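The structure appears below as C-alpha coordinates.
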Amino acid sequence: MTAKKILPALLSASLMLSCVHAGAYSQLTAYAKDNITFCTGAAYDKNFGIKTEKINNIKIPKGCTCSIYSPDADSANDTLTSANTKIADVYALHQGMGWVIQAQKTGKTTLNYKKGSDTGKLHVEILPALKLTATKKSAKVSNGRLHLTVKYKNNTKSDIVIEGVDIGQSQVLFEGEKEPSKDEVIPSRWIVKRVTIPAGKTKSITVSESVSQTGKIKKFDYPSVYLNYHNVYFSAHINSKKTVEGVRYHGTASLEAVKK
(Lines give C-alpha, C1' and ligand atoms only; values in the text may rest on other atoms or scores of the structure.)
Protein backbone atom coordinates (compact mmCIF):
# COMPACT_ATOMS: atom_id res chain seq x y z
CA MET A 1 0.00 0.00 0.00
CA THR A 2 1.41 3.39 -0.99
CA ALA A 3 1.12 6.59 1.00
CA LYS A 4 -1.62 7.81 -1.35
CA LYS A 5 -3.76 4.78 -0.47
CA ILE A 6 -3.44 4.95 3.30
CA LEU A 7 -6.64 3.80 5.00
CA PRO A 8 -8.10 5.99 7.75
CA ALA A 9 -8.23 5.06 11.41
CA LEU A 10 -5.03 3.02 11.37
CA LEU A 11 -3.42 4.59 14.38
CA SER A 12 -5.33 5.60 17.47
CA ALA A 13 -3.87 7.55 20.33
CA SER A 14 -4.65 8.51 23.89
CA LEU A 15 -2.57 11.48 24.93
CA MET A 16 -1.55 11.78 28.53
CA LEU A 17 0.99 14.29 29.73
CA SER A 18 2.49 15.80 32.82
CA CYS A 19 4.51 18.96 32.32
CA VAL A 20 7.39 20.26 34.37
CA HIS A 21 7.82 24.02 34.32
CA ALA A 22 11.58 23.75 34.19
CA GLY A 23 14.29 21.12 34.37
CA ALA A 24 13.53 17.44 33.78
CA TYR A 25 11.07 16.28 31.14
CA SER A 26 7.87 14.50 32.09
CA GLN A 27 5.50 12.36 30.14
CA LEU A 28 2.83 12.74 27.47
CA THR A 29 1.69 9.35 26.18
CA ALA A 30 0.13 8.41 22.82
CA TYR A 31 -0.96 4.79 22.47
CA ALA A 32 -0.64 3.67 18.86
CA LYS A 33 -2.77 1.09 17.11
CA ASP A 34 -1.85 -0.26 13.67
CA ASN A 35 0.29 2.06 11.62
CA ILE A 36 -0.62 5.41 10.10
CA THR A 37 -3.51 7.66 11.12
CA PHE A 38 -3.28 9.44 14.49
CA CYS A 39 -6.33 9.96 16.70
CA THR A 40 -6.93 11.52 20.09
CA GLY A 41 -9.02 9.74 22.70
CA ALA A 42 -9.36 9.08 26.41
CA ALA A 43 -8.38 5.41 26.17
CA TYR A 44 -6.34 3.20 23.90
CA ASP A 45 -8.75 0.27 24.10
CA LYS A 46 -11.62 1.03 21.72
CA ASN A 47 -13.71 -1.49 23.65
CA PHE A 48 -13.99 1.11 26.41
CA GLY A 49 -16.43 2.91 24.14
CA ILE A 50 -14.39 6.13 24.15
CA LYS A 51 -14.88 8.30 21.10
CA THR A 52 -11.69 9.18 19.22
CA GLU A 53 -10.98 12.06 16.85
CA LYS A 54 -8.61 11.78 13.88
CA ILE A 55 -5.80 14.33 13.89
CA ASN A 56 -2.76 15.14 11.78
CA ASN A 57 -1.00 17.24 14.37
CA ILE A 58 -0.19 17.34 18.07
CA LYS A 59 0.68 20.40 20.13
CA ILE A 60 3.01 19.61 23.04
CA PRO A 61 3.99 22.19 25.65
CA LYS A 62 7.74 22.64 26.04
CA GLY A 63 9.12 20.59 28.90
CA CYS A 64 7.03 17.52 28.05
CA THR A 65 7.67 14.25 26.28
CA CYS A 66 5.26 12.27 24.14
CA SER A 67 5.52 8.48 24.06
CA ILE A 68 3.97 6.55 21.15
CA TYR A 69 3.54 2.81 21.63
CA SER A 70 2.83 0.22 18.96
CA PRO A 71 1.32 -3.19 19.83
CA ASP A 72 2.22 -4.72 16.47
CA ALA A 73 4.35 -7.87 16.53
CA ASP A 74 6.72 -6.51 13.89
CA SER A 75 6.91 -3.00 15.36
CA ALA A 76 10.69 -3.37 15.75
CA ASN A 77 10.93 -2.65 12.01
CA ASP A 78 8.86 0.54 12.22
CA THR A 79 10.54 3.94 12.26
CA LEU A 80 9.52 7.38 13.49
CA THR A 81 11.90 10.23 12.74
CA SER A 82 11.83 13.97 13.30
CA ALA A 83 12.47 16.42 10.47
CA ASN A 84 13.99 18.84 12.99
CA THR A 85 15.51 17.26 16.08
CA LYS A 86 16.31 20.68 17.54
CA ILE A 87 12.56 21.26 17.96
CA ALA A 88 11.38 17.71 18.69
CA ASP A 89 13.75 14.80 19.08
CA VAL A 90 12.73 11.13 18.87
CA TYR A 91 14.16 8.22 20.84
CA ALA A 92 13.27 4.58 20.20
CA LEU A 93 12.05 2.51 23.13
CA HIS A 94 13.58 -0.92 23.70
CA GLN A 95 12.34 -4.05 21.93
CA GLY A 96 10.42 -2.08 19.33
CA MET A 97 7.81 -0.92 21.83
CA GLY A 98 7.61 2.59 20.38
CA TRP A 99 9.23 6.00 20.65
CA VAL A 100 9.60 9.01 22.91
CA ILE A 101 9.17 12.49 21.42
CA GLN A 102 11.04 15.09 23.45
CA ALA A 103 9.91 18.71 23.20
CA GLN A 104 13.21 20.56 22.82
CA LYS A 105 12.13 24.12 22.03
CA THR A 106 9.13 26.02 20.69
CA GLY A 107 8.49 25.67 16.99
CA LYS A 108 6.98 23.34 14.38
CA THR A 109 8.29 20.19 12.75
CA THR A 110 7.10 16.91 11.23
CA LEU A 111 7.42 13.33 12.40
CA ASN A 112 7.74 10.82 9.57
CA TYR A 113 6.37 7.34 10.20
CA LYS A 114 7.33 4.26 8.17
CA LYS A 115 6.01 0.72 8.42
CA GLY A 116 7.08 -1.44 5.51
CA SER A 117 5.92 0.42 2.39
CA ASP A 118 3.35 2.43 4.37
CA THR A 119 4.26 5.97 5.35
CA GLY A 120 2.57 8.74 7.27
CA LYS A 121 3.26 12.13 8.86
CA LEU A 122 2.34 13.73 12.15
CA HIS A 123 2.82 17.48 12.40
CA VAL A 124 4.12 18.56 15.80
CA GLU A 125 4.12 22.01 17.35
CA ILE A 126 6.01 22.66 20.56
CA LEU A 127 4.13 25.26 22.60
CA PRO A 128 5.53 27.46 25.35
CA ALA A 129 5.58 25.66 28.70
CA LEU A 130 2.18 25.37 30.39
CA LYS A 131 2.91 27.28 33.61
CA LEU A 132 -0.32 27.34 35.59
CA THR A 133 -0.41 27.00 39.37
CA ALA A 134 -3.08 26.99 42.07
CA THR A 135 -2.22 29.37 44.90
CA LYS A 136 -5.17 28.96 47.28
CA LYS A 137 -8.21 26.72 47.83
CA SER A 138 -11.23 26.75 50.11
CA ALA A 139 -14.43 24.72 50.52
CA LYS A 140 -17.60 25.26 52.51
CA VAL A 141 -21.19 24.10 52.69
CA SER A 142 -23.99 26.65 52.64
CA ASN A 143 -27.74 26.16 52.10
CA GLY A 144 -27.30 22.56 51.03
CA ARG A 145 -24.58 23.29 48.49
CA LEU A 146 -20.87 22.64 48.47
CA HIS A 147 -18.88 25.66 47.29
CA LEU A 148 -15.31 25.11 46.10
CA THR A 149 -13.06 28.10 45.35
CA VAL A 150 -9.58 27.92 43.85
CA LYS A 151 -7.25 30.79 42.96
CA TYR A 152 -5.05 30.22 39.87
CA LYS A 153 -1.93 32.05 38.68
CA ASN A 154 -1.23 32.12 34.95
CA ASN A 155 2.54 32.27 34.68
CA THR A 156 2.59 32.17 30.86
CA LYS A 157 2.58 34.94 28.26
CA SER A 158 -0.75 33.79 26.83
CA ASP A 159 -4.31 33.86 28.14
CA ILE A 160 -5.59 30.55 29.55
CA VAL A 161 -9.33 29.89 29.46
CA ILE A 162 -10.69 27.56 32.11
CA GLU A 163 -13.82 25.89 30.72
CA GLY A 164 -14.77 23.73 33.67
CA VAL A 165 -13.79 22.20 36.99
CA ASP A 166 -13.88 18.52 37.96
CA ILE A 167 -15.10 18.83 41.52
CA GLY A 168 -15.01 15.05 41.89
CA GLN A 169 -11.22 15.07 41.76
CA SER A 170 -11.16 17.38 44.77
CA GLN A 171 -12.19 14.34 46.83
CA VAL A 172 -14.01 16.41 49.44
CA LEU A 173 -14.15 14.36 52.64
CA PHE A 174 -16.62 15.12 55.44
CA GLU A 175 -16.13 14.10 59.05
CA GLY A 176 -17.34 10.54 59.55
CA GLU A 177 -16.56 9.52 55.96
CA LYS A 178 -13.82 7.01 55.17
CA GLU A 179 -10.97 7.99 52.90
CA PRO A 180 -11.01 6.18 49.53
CA SER A 181 -8.41 3.47 48.99
CA LYS A 182 -5.48 4.13 46.68
CA ASP A 183 -6.97 1.72 44.13
CA GLU A 184 -10.43 3.27 44.15
CA VAL A 185 -11.46 5.05 40.96
CA ILE A 186 -12.76 8.54 41.74
CA PRO A 187 -15.59 9.44 39.33
CA SER A 188 -15.39 12.79 37.57
CA ARG A 189 -18.05 15.45 38.14
CA TRP A 190 -17.38 18.22 35.65
CA ILE A 191 -19.00 21.59 36.29
CA VAL A 192 -18.93 24.00 33.36
CA LYS A 193 -17.39 27.33 34.39
CA ARG A 194 -15.76 29.51 31.75
CA VAL A 195 -13.18 31.91 33.16
CA THR A 196 -10.33 33.63 31.33
CA ILE A 197 -7.09 34.09 33.24
CA PRO A 198 -5.04 36.74 31.41
CA ALA A 199 -1.32 36.23 30.90
CA GLY A 200 0.59 36.85 34.10
CA LYS A 201 -2.58 37.36 36.15
CA THR A 202 -4.31 35.61 39.05
CA LYS A 203 -8.01 34.81 39.21
CA SER A 204 -10.32 32.81 41.49
CA ILE A 205 -12.92 30.31 40.27
CA THR A 206 -15.88 29.12 42.38
CA VAL A 207 -18.09 26.14 41.51
CA SER A 208 -20.87 24.55 43.55
CA GLU A 209 -23.06 21.46 43.67
CA SER A 210 -25.86 20.12 45.87
CA VAL A 211 -24.78 17.91 48.79
CA SER A 212 -26.63 15.97 51.47
CA GLN A 213 -23.82 16.17 54.02
CA THR A 214 -24.03 18.83 56.69
CA GLY A 215 -20.96 18.00 58.76
CA LYS A 216 -17.55 19.63 58.82
CA ILE A 217 -15.27 19.29 55.82
CA LYS A 218 -12.24 17.32 56.99
CA LYS A 219 -10.13 17.23 53.84
CA PHE A 220 -10.16 18.22 50.17
CA ASP A 221 -7.72 18.52 47.29
CA TYR A 222 -7.24 20.78 44.28
CA PRO A 223 -9.60 19.81 41.42
CA SER A 224 -8.81 19.06 37.81
CA VAL A 225 -9.65 21.72 35.23
CA TYR A 226 -10.49 21.72 31.53
CA LEU A 227 -8.61 24.51 29.79
CA ASN A 228 -7.84 26.09 26.44
CA TYR A 229 -4.19 26.97 25.83
CA HIS A 230 -2.95 28.17 22.42
CA ASN A 231 -6.30 27.21 20.85
CA VAL A 232 -6.16 23.55 21.92
CA TYR A 233 -7.79 21.87 24.90
CA PHE A 234 -6.20 20.10 27.83
CA SER A 235 -7.54 18.73 31.10
CA ALA A 236 -5.13 18.77 34.02
CA HIS A 237 -4.75 18.50 37.75
CA ILE A 238 -3.40 21.90 38.77
CA ASN A 239 -1.89 22.26 42.23
CA SER A 240 0.44 24.58 44.11
CA LYS A 241 3.58 22.81 42.89
CA LYS A 242 5.60 23.88 39.87
CA THR A 243 4.21 20.96 37.92
CA VAL A 244 1.08 20.37 35.90
CA GLU A 245 0.00 16.78 36.54
CA GLY A 246 -2.31 14.25 34.94
CA VAL A 247 -2.78 16.30 31.80
CA ARG A 248 -4.78 14.95 28.86
CA TYR A 249 -4.67 16.47 25.40
CA HIS A 250 -8.12 16.91 23.82
CA GLY A 251 -7.20 18.63 20.54
CA THR A 252 -10.07 20.87 19.40
CA ALA A 253 -12.72 19.22 21.60
CA SER A 254 -14.26 21.70 24.05
CA LEU A 255 -15.64 20.56 27.40
CA GLU A 256 -19.21 20.95 26.13
CA ALA A 257 -18.37 18.69 23.17
CA VAL A 258 -16.76 16.09 25.43
CA LYS A 259 -19.75 16.03 27.82
CA LYS A 260 -22.26 15.39 25.01
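Naming works like this for the C-alpha coordinates: A, B, ... for the chains as they're shown, residue 1 at the start of each chain, ligands 1 onward in shown order.
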I want to know what sits within 7 Å of A:Lys218, based on only C-alpha atoms, with residues of the same chain fewer than 6 positions away left out; could you give that as a ChimeraX atom specification? /A:173-175
Would you save the residues from that selection as a PDB file, in the first residue's frame, using C-alpha atoms?
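That gives us result-v2.pdb:
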ATOM      1  CA  LEU A 173     -14.146  14.358  52.639  1.00  0.00           C
ATOM      2  CA  PHE A 174     -16.616  15.124  55.435  1.00  0.00           C
ATOM      3  CA  GLU A 175     -16.127  14.101  59.046  1.00  0.00           C
TER       4      GLU A 175
END
Backbone-only DSSP, strand (DSSP E or B) members of stretch 119-172 of chain A, as a ChimeraX atom specification: /A:119-127,132-142,145-154,160-166
From A:Ser210, A:Asn228, A:Asn57, A:Thr65, residue lying nearest A:Ser142 [only C-alpha atoms]: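 With only C-alpha atoms as the atom set, the closest residue is A:Ser210.
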Write out as a list in words which residues come within 6 Å of stretch 99-103 of chain A when counting only C-alpha atoms, dropping same-chain ones fewer than 3 positions away.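 In the requested format, the answer is Lys62, Cys64, Thr65, Cys66, Ser67, Ile68, Ala88, Asp89, Val90, Tyr91, Ala92 and Leu93 of chain A.
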Residue nearest A:Asn155 among A:Gly246, A:Gly200, A:Pro187, A:Gly107 (counting only C-alpha atoms):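 Selected residue with least distance to A:Asn155: A:Gly200.
Distances to A:Val195 were evaluated for A:Val207, A:Val124, A:Val161, A:Gly168 using only C-alpha atoms, and the minimum falls at A:Val161.
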For A:Lys121, find every residue with an atom within 7 Å (counting only C-alpha atoms), except residues of its own chain fewer than 4 positions away, and show them as a ChimeraX atom specification. /A:110-113
Polymer residues at most 9 Å from stretch 132-137 of chain A, only C-alpha atoms, same-chain spacing of 6 or more positions, as a PyMOL selection string: chain A and resi 21+148-156+160+202+204+221-222+238-244
By how many Å are atom CA of A:Asn84 and atom CA of A:Thr109 apart? 5.9 Å
Report, in Å with one decimal, the straight-line distance from atom CA of A:Tyr229 to atom CA of A:Ala253. 12.3 Å
